[in-house]
Structure formats: C-alpha cells, structure tokens
Amino acid sequence: MQMGNCDPSSLDIVPAGDRACLIRWHGDGNPAKRVSALFRSIQSAKVSGVVDAVPGFETLLVYYDPCKIEWEELCVRLSGLEWKAGDDAPSRTIEIPVVYGGEYGPDLEIVAELAGVDTNRVIDMHTSATYVVYFLGFVPGFAYMGDLSEALRLPRMVKPRTRVPAGSVAIADRFTAVYPSESPGGWRLIGWTPVALYDIMRQPRPLLQPGDRVVFRSVSSEDARQWPTTGG
Amino acid sequence: MLRPVLSIKNGGAMSSIQDLGRWGYQHEGVPLSGALDVFSAVMANRLLGNSPGEAVIEVTLMGFEAEVLDDVFVSITGGDLDARINGGYAEPWRAYHLKTGDRIAFRAPISGCRAYLAVEGGFDLQPIMGSYSTDFFAHFGGYRGRALQPGDVLDRRDPGHGRAIGGRRVVSGILPSYNENLTVRVVTGPQLESFSREAVALFFSSEYRVLTTSNRMGLRLEGQPVPPVTGELPPEGTPPGSIQVPADGQPIVLLRGCQTTGGYHKIGVVIAPDLDILAQARPGAAIVRFQAVTLKQAHEQYLRWCKALQTSDP
C-alpha cells in the first residue's frame, strides 16, 4: 500500500495527484451501481472543499481544494458518507436507431471477422441485447453502456482514429457507446445514429443517464436521414 | 450596450477564450477545459482589477493579431511570445493602455508557448454551465464554441471604475521562469503499483522530449520507453496532470484541456503548480524530467501556489 492512502472502511482512497483522489472498492456486486450511489451521496452531502466528482466504471474520482480541506479530513469525510446502492428509480428504456455497416460503420466487417461470424450476426447480437448506461465520461454525453455479448468483446484499435464522426456507434471491450461529437477515438465503429446525444439547449443535456436501458434498432439509411433530430 | 473592444485579424496557431474551467459537469462527460496555465490567466485578470475567473484569450505560439476598437487597458501574461503593440515590443506580466486603432500582435515564442491577454472589465460573453471556456469537444462556450478567427469581434464589459493601471506589473518575486529544460513534480499513483520497479525507476531517471503532436488535451513525450502495464484499466476519471503510459511506453501527460475519463494506467500525476509550467513547455524544443514528491510536499506547494494566485495587488 502506497504512503498517503487511508482506508478506514470498505472504501480504498488513494491520491490521484495533489487535488484529486480515487475511490475504489474491493469485493463483489455491480460496481456501477455503487459508484452512482456514492456519487449521489457526495453531491447531496456538499462536503466543504470537495469541488467535483467523476464516476468511472469501478471508481469515483473526487476533486478537492487542498486549501480548504486537509487530506486526513477528506478521507474521514468521504469514508463517513452514508450511501447505499439501493434500488434505482424505475429506469427508462431508450431506443436508438442505427444504420449498420458500409460507410456508416467502417469496422463492421473486421469486427465480424475477428468475432468469427458474419456481419448480419454482429448486427443481431448488437440489437438483441438491452444495455445499461454505467456512466458518462470522455466527452460531453458519451455514455459507457454494457455489457456487450462475449463474442463482440474486442480490444480497442492499436492505432486510434484522429477523427471519428459524430453519431458513430462503437464497441470496445465490454462496452458500447455513441460518439456524441467528432473526436479522436480508438473504438471500433459498427454503425451511425442521427440521434443527438448531447445538447446544451436541452434539459437534461445528455440523452442518456446512468441507469437508463438502451436498445439499438437497425434502420435503413433513408429512415435515418429523415429521423427527427432533437435540438442540436 | 455592446462595447466592441477587439477585432481579430489573425487567430494565429490557435487562440481561444478560456477561464478557470467548467467545474461540476464532468459526470455528464463535460471536460474541465480552461486556461492551460492557470497562474498566468489569473494574473492577467488581477493586473486589471478583474475577478480571477474572467474570460481571457489564450494565445498559442504565434500569429495572433487584433485591432483595438476602443481605448482600453489590457494585460499580457504567460510565455513571452514577442508581443508587439503597433510594432513595438511589449513585455509580458504587465498592463498596457491601448487606444482605438492600435494593433496588438504575438509574433513568435521567445520563452514559453502560451500567452494570456485580458481586457479591463472582462470580455462580454455568455457563460455556458458557469464557464466562459471554449469546449473543443462539443463546440460550445467561449466565442461561438471555437478558436478565434479573422473577423471575430469581442466585446467587453464596463469595468465600473476608471483607475489608471497602465504600466502595472506582476511582482517579480512570484514570476515563473520557462526553461527548455524543466523538472516537474509528481504525486505517484494511482496505478503506480501496476508498473514494475524497473519501469518506475526508469521513468523518474529519464528525460523526455515534448513532441509537436501535443495539443491542449495533452503533451506527447518521447524518450526511454517505460515498460507499460499489459491491458487497459476499466475507464476512470483522469485528472489534468495524469501521466498515462500507453502500449508503446511513450508517456502522455494530460493538460487541463483533457477528456474526463480514460483507460490508460497512470504512473503519477503532475502537481497543479507545475502543470502551469509544463503547459508552457514548447513542443519540439522542451525537455522534461519528472521528480516524485510526497502528498504532504505536494500540498505545501499547492498552498504556496494558492497564495500567489490570491496576490490581490500584483
């Protein structure tokens, strides 16, 4: 264990630089639910000196101001937070239309090859599952969803693309996601959606929230082009 | 009433509106953004009596040029990019009084690589989610969610005071120096234990060149490759300063313009005060070394940094 750690509870709190710490868990259960619960608890507790919190898949990154709170006190306050990964409110199910393959999903064929199936089977697998939104990260509105069927779990590309088009539907490891805006990215692109994932003029701004359920539906490029986009 | 103050003639290599960052929305995936060199941005505002979080122009390397549309006090801080007012050299870390029709330009880096330009009263812009910073990921905030371009006109607010502040300088005792050989301090972790002892020893004893592929998101380094950790982490929050080691072993240090989460193992995180200096490391020229410090030492430095940032009368 590294110096500076504090671990008075089931939470393992380690420094992530001089103004942030990473909270990890050891043990079983759905990490995303626990992360969500602790995130909500931190938001409502309004601990003086805590300035931001960022959920990850198994961790919560907490930013603090060392001028306002000392490390030891931070650890005590974070460990003492009341939080329970209780039953979430009934979640919404959101359907996302996707044009798979071709210019819309340039990696569909290689994904099929690596998975040892044909492209229709990849589309079947991707559209037949219901995914859970674990957390949002990377860029505005980017929702990490899972779990992907085992056969589709592939590593990220060795050489990431410098430009992934907005709306690209992608997979990496156990996750699937939609790129909300053009950005660099190393995930494999299997399709494209016309839906706006993030809109600063909309409330709430992100289309997807942690806990939401998501299904993808295969549509033609004509249908997608005429899709009523929301805002943007 | 609009008060046009600057007409952009040339955006240069990359100039954008920034402030102290968009805090509180990272859980929506919204990156912090903001000035890469916080100290310089704050001092630019302090010199003019503005609040520290007013919008400033972050000028990168060279080429920025603007025409002054109204008599105004401005300040220049950060790297010395050979600023010129009507052709005459204007040193950084001080305030200037400019008149309608004056031209201000940044020609080429002499030291550092980012300069900050503020106007008295602050630029009159619409904050988005509590910040003026330009978000280059979803293209909002700042000036129309993008880098400044020729033809853009920036307005300013009425400062509400008429103090004579031309010639005011930041006290020399707190001025940073931007060397091409620099050592930055690091709090190790959060994945230090995943790296081999040899990898850690090698990283902290090597020097790294800053590559020209660096950008506001991060500095790409080249040097002795650090034996990487196999596989990726489940995605987690990545604070600015994170030293990521990807598969090729060439470290990437995230700057304040970075994404919110990532899956690379992090050998350490550069401390906030040194991240200001690192943000001035010129791609293609600077050589960086890393020095591990304890969390206690890091917090001592942080408190000193906060104190310098709060110097109310520079």
# chains A, B, ... in the order shown; residues from 1 in each chain; ligands from 1

$ interface_residues --of "chain A" --to "chain B" --cutoff "7 Å" --atoms "only C-alpha atoms" --output "JSON, numbers by chain"
{"A": [4, 14, 15, 16, 17, 18, 52, 54, 55, 56, 57, 58, 59, 61, 66, 67, 136, 137, 138, 139, 140, 141, 142, 181, 183, 206]}

$ write_last_selection --atoms "C-alpha atoms" --output "PDB file, in the first residue's frame"
ATOM      1  CA  GLY A   4      -0.784   8.582   1.954  1.00  0.00           C
ATOM      2  CA  VAL A  14      -5.761   6.791  -2.987  1.00  0.00           C
ATOM      3  CA  PRO A  15      -4.257  10.085  -4.141  1.00  0.00           C
ATOM      4  CA  ALA A  16      -4.614  10.952  -7.828  1.00  0.00           C
ATOM      5  CA  GLY A  17      -2.324  13.967  -7.775  1.00  0.00           C
ATOM      6  CA  ASP A  18      -2.380  16.886  -5.375  1.00  0.00           C
ATOM      7  CA  ASP A  52     -16.165  17.879  -8.346  1.00  0.00           C
ATOM      8  CA  VAL A  54     -16.295  11.909 -11.769  1.00  0.00           C
ATOM      9  CA  PRO A  55     -17.820   8.428 -11.881  1.00  0.00           C
ATOM     10  CA  GLY A  56     -15.860   5.740 -13.680  1.00  0.00           C
ATOM     11  CA  PHE A  57     -16.694   2.066 -14.158  1.00  0.00           C
ATOM     12  CA  GLU A  58     -15.371   0.852 -10.808  1.00  0.00           C
ATOM     13  CA  THR A  59     -14.075   4.074  -9.286  1.00  0.00           C
ATOM     14  CA  LEU A  61     -12.583  10.402  -8.838  1.00  0.00           C
ATOM     15  CA  PRO A  66      -6.262  21.353  -0.538  1.00  0.00           C
ATOM     16  CA  CYS A  67      -6.542  24.974   0.669  1.00  0.00           C
ATOM     17  CA  LEU A 136     -20.886   9.230 -18.763  1.00  0.00           C
ATOM     18  CA  GLY A 137     -17.307  10.221 -19.495  1.00  0.00           C
ATOM     19  CA  PHE A 138     -14.632  11.091 -22.054  1.00  0.00           C
ATOM     20  CA  VAL A 139     -16.525  13.895 -23.869  1.00  0.00           C
ATOM     21  CA  PRO A 140     -19.946  15.551 -23.336  1.00  0.00           C
ATOM     22  CA  GLY A 141     -22.753  12.986 -23.473  1.00  0.00           C
ATOM     23  CA  PHE A 142     -20.553   9.941 -24.141  1.00  0.00           C
ATOM     24  CA  SER A 181     -19.450  14.780 -31.432  1.00  0.00           C
ATOM     25  CA  SER A 183     -13.452  13.400 -31.755  1.00  0.00           C
ATOM     26  CA  PRO A 206     -27.383  14.296 -22.105  1.00  0.00           C
TER      27      PRO A 206
END

$ residues_around --residues "Asn120 of chain A" --least-positions-apart "4" --cutoff "10 Å" --atoms "only C-alpha atoms" --output "PDB file with C-alpha atoms, in the first residue's frame"
ATOM      1  CA  TYR A 100     -25.056  -0.546 -39.558  1.00  0.00           C
ATOM      2  CA  GLY A 101     -22.053  -1.177 -41.774  1.00  0.00           C
ATOM      3  CA  LEU A 108     -18.342  -3.850 -39.083  1.00  0.00           C
ATOM      4  CA  GLU A 109     -16.613  -6.329 -41.396  1.00  0.00           C
ATOM      5  CA  ALA A 112     -17.371  -9.829 -37.832  1.00  0.00           C
ATOM      6  CA  ASP A 124     -28.249  -9.337 -34.471  1.00  0.00           C
ATOM      7  CA  MET A 125     -26.056  -9.583 -31.418  1.00  0.00           C
ATOM      8  CA  HIS A 126     -25.764  -5.812 -31.055  1.00  0.00           C
TER       9      HIS A 126
END

$ residues_around --residues "Thr230 of chain B" --least-positions-apart "2" --cutoff "10 Å" --atoms "only C-alpha atoms" --output "list in words"
Ser194, Phe195, Pro227, Pro228, Glu232, Leu233, Pro246, Ala247, Tyr264 and His265 of chain B

$ atom_distance --atom1 "atom CA of Ile76 of chain B" --atom2 "atom CA of Pro150 of chain B"
20.3 Å

$ residues_around --residues "Val288 of chain B" --least-positions-apart "2" --cutoff "7 Å" --atoms "only C-alpha atoms" --output "PDB file with N, CA and C atoms, in the first residue's frame"
ATOM      1  N   ASN B 181      14.674  23.203 -20.389  1.00  0.00           N
ATOM      2  CA  ASN B 181      14.913  22.006 -19.593  1.00  0.00           C
ATOM      3  C   ASN B 181      14.164  22.182 -18.292  1.00  0.00           C
ATOM      4  N   LEU B 182      13.174  21.362 -18.063  1.00  0.00           N
ATOM      5  CA  LEU B 182      12.417  21.570 -16.839  1.00  0.00           C
ATOM      6  C   LEU B 182      12.178  20.268 -16.105  1.00  0.00           C
ATOM      7  N   THR B 183      12.033  20.409 -14.781  1.00  0.00           N
ATOM      8  CA  THR B 183      11.707  19.267 -13.940  1.00  0.00           C
ATOM      9  C   THR B 183      10.375  19.569 -13.278  1.00  0.00           C
ATOM     10  N   GLU B 207      14.858  11.555 -19.369  1.00  0.00           N
ATOM     11  CA  GLU B 207      14.315  12.823 -19.827  1.00  0.00           C
ATOM     12  C   GLU B 207      13.530  12.596 -21.111  1.00  0.00           C
ATOM     13  N   TYR B 208      12.514  13.436 -21.274  1.00  0.00           N
ATOM     14  CA  TYR B 208      11.578  13.243 -22.379  1.00  0.00           C
ATOM     15  C   TYR B 208      11.430  14.525 -23.191  1.00  0.00           C
ATOM     16  N   ARG B 209      11.427  14.331 -24.496  1.00  0.00           N
ATOM     17  CA  ARG B 209      11.197  15.461 -25.406  1.00  0.00           C
ATOM     18  C   ARG B 209       9.703  15.668 -25.586  1.00  0.00           C
ATOM     19  N   ALA B 286      11.215  21.570 -25.813  1.00  0.00           N
ATOM     20  CA  ALA B 286      11.380  21.361 -24.373  1.00  0.00           C
ATOM     21  C   ALA B 286      11.761  19.923 -24.028  1.00  0.00           C
ATOM     22  N   PHE B 290      10.923  14.212 -14.537  1.00  0.00           N
ATOM     23  CA  PHE B 290       9.890  14.106 -13.505  1.00  0.00           C
ATOM     24  C   PHE B 290      10.527  13.748 -12.162  1.00  0.00           C
TER      25      PHE B 290
END

$ closest_residue --among "A:Asp107, A:Val122, A:Gln203, A:Gly146" --to "Ile190 of chain A" --atoms "only C-alpha atoms"
A:Asp107

$ select_by_dssp --residues "segment 22-97 of chain A" --states "strand (DSSP E or B)" --output "number ranges by chain"
A: 22-25, 50-55, 59-64, 93-97

$ decode --residues "segment 243-284 of chain B" --atoms "C-alpha atoms" --output "CSV table (one decimal), in the first residue's frame"
chain,number,residue,atom,x,y,z
B,243,ILE,CA,0.9,10.7,-16.7
B,244,GLN,CA,-0.5,7.9,-18.9
B,245,VAL,CA,1.7,5.2,-20.2
B,246,PRO,CA,0.2,3.6,-23.4
B,247,ALA,CA,1.3,0.4,-25.0
B,248,ASP,CA,4.3,2.0,-26.8
B,249,GLY,CA,5.7,3.2,-23.4
B,250,GLN,CA,5.9,6.8,-24.5
B,251,PRO,CA,4.2,8.9,-21.8
B,252,ILE,CA,1.3,11.3,-22.4
B,253,VAL,CA,0.8,14.0,-19.8
B,254,LEU,CA,-2.8,15.3,-19.8
B,255,LEU,CA,-3.2,19.0,-19.7
B,256,ARG,CA,-6.2,21.0,-18.5
B,257,GLY,CA,-7.9,20.6,-21.9
B,258,CYS,CA,-8.1,16.8,-21.4
B,259,GLN,CA,-11.1,14.4,-21.6
B,260,THR,CA,-12.8,13.4,-18.3
B,261,THR,CA,-12.0,9.7,-18.3
B,262,GLY,CA,-9.6,7.2,-19.8
B,263,GLY,CA,-8.3,3.7,-19.6
B,264,TYR,CA,-4.5,4.0,-19.6
B,265,HIS,CA,-2.5,3.2,-16.5
B,266,LYS,CA,-1.2,6.3,-14.7
B,267,ILE,CA,2.3,6.2,-13.1
B,268,GLY,CA,1.7,9.6,-11.4
B,269,VAL,CA,0.0,13.0,-11.7
B,270,VAL,CA,1.9,16.3,-12.1
B,271,ILE,CA,1.1,18.7,-9.3
B,272,ALA,CA,-1.1,21.7,-10.2
B,273,PRO,CA,1.5,24.4,-9.8
B,274,ASP,CA,3.9,22.6,-12.1
B,275,LEU,CA,1.2,21.9,-14.6
B,276,ASP,CA,1.2,25.7,-15.3
B,277,ILE,CA,4.9,25.5,-16.1
B,278,LEU,CA,4.5,22.3,-18.1
B,279,ALA,CA,1.8,23.9,-20.2
B,280,GLN,CA,4.5,26.4,-21.3
B,281,ALA,CA,6.8,23.6,-22.5
B,282,ARG,CA,7.3,24.2,-26.2
B,283,PRO,CA,6.6,21.2,-28.4
B,284,GLY,CA,9.7,20.3,-30.4
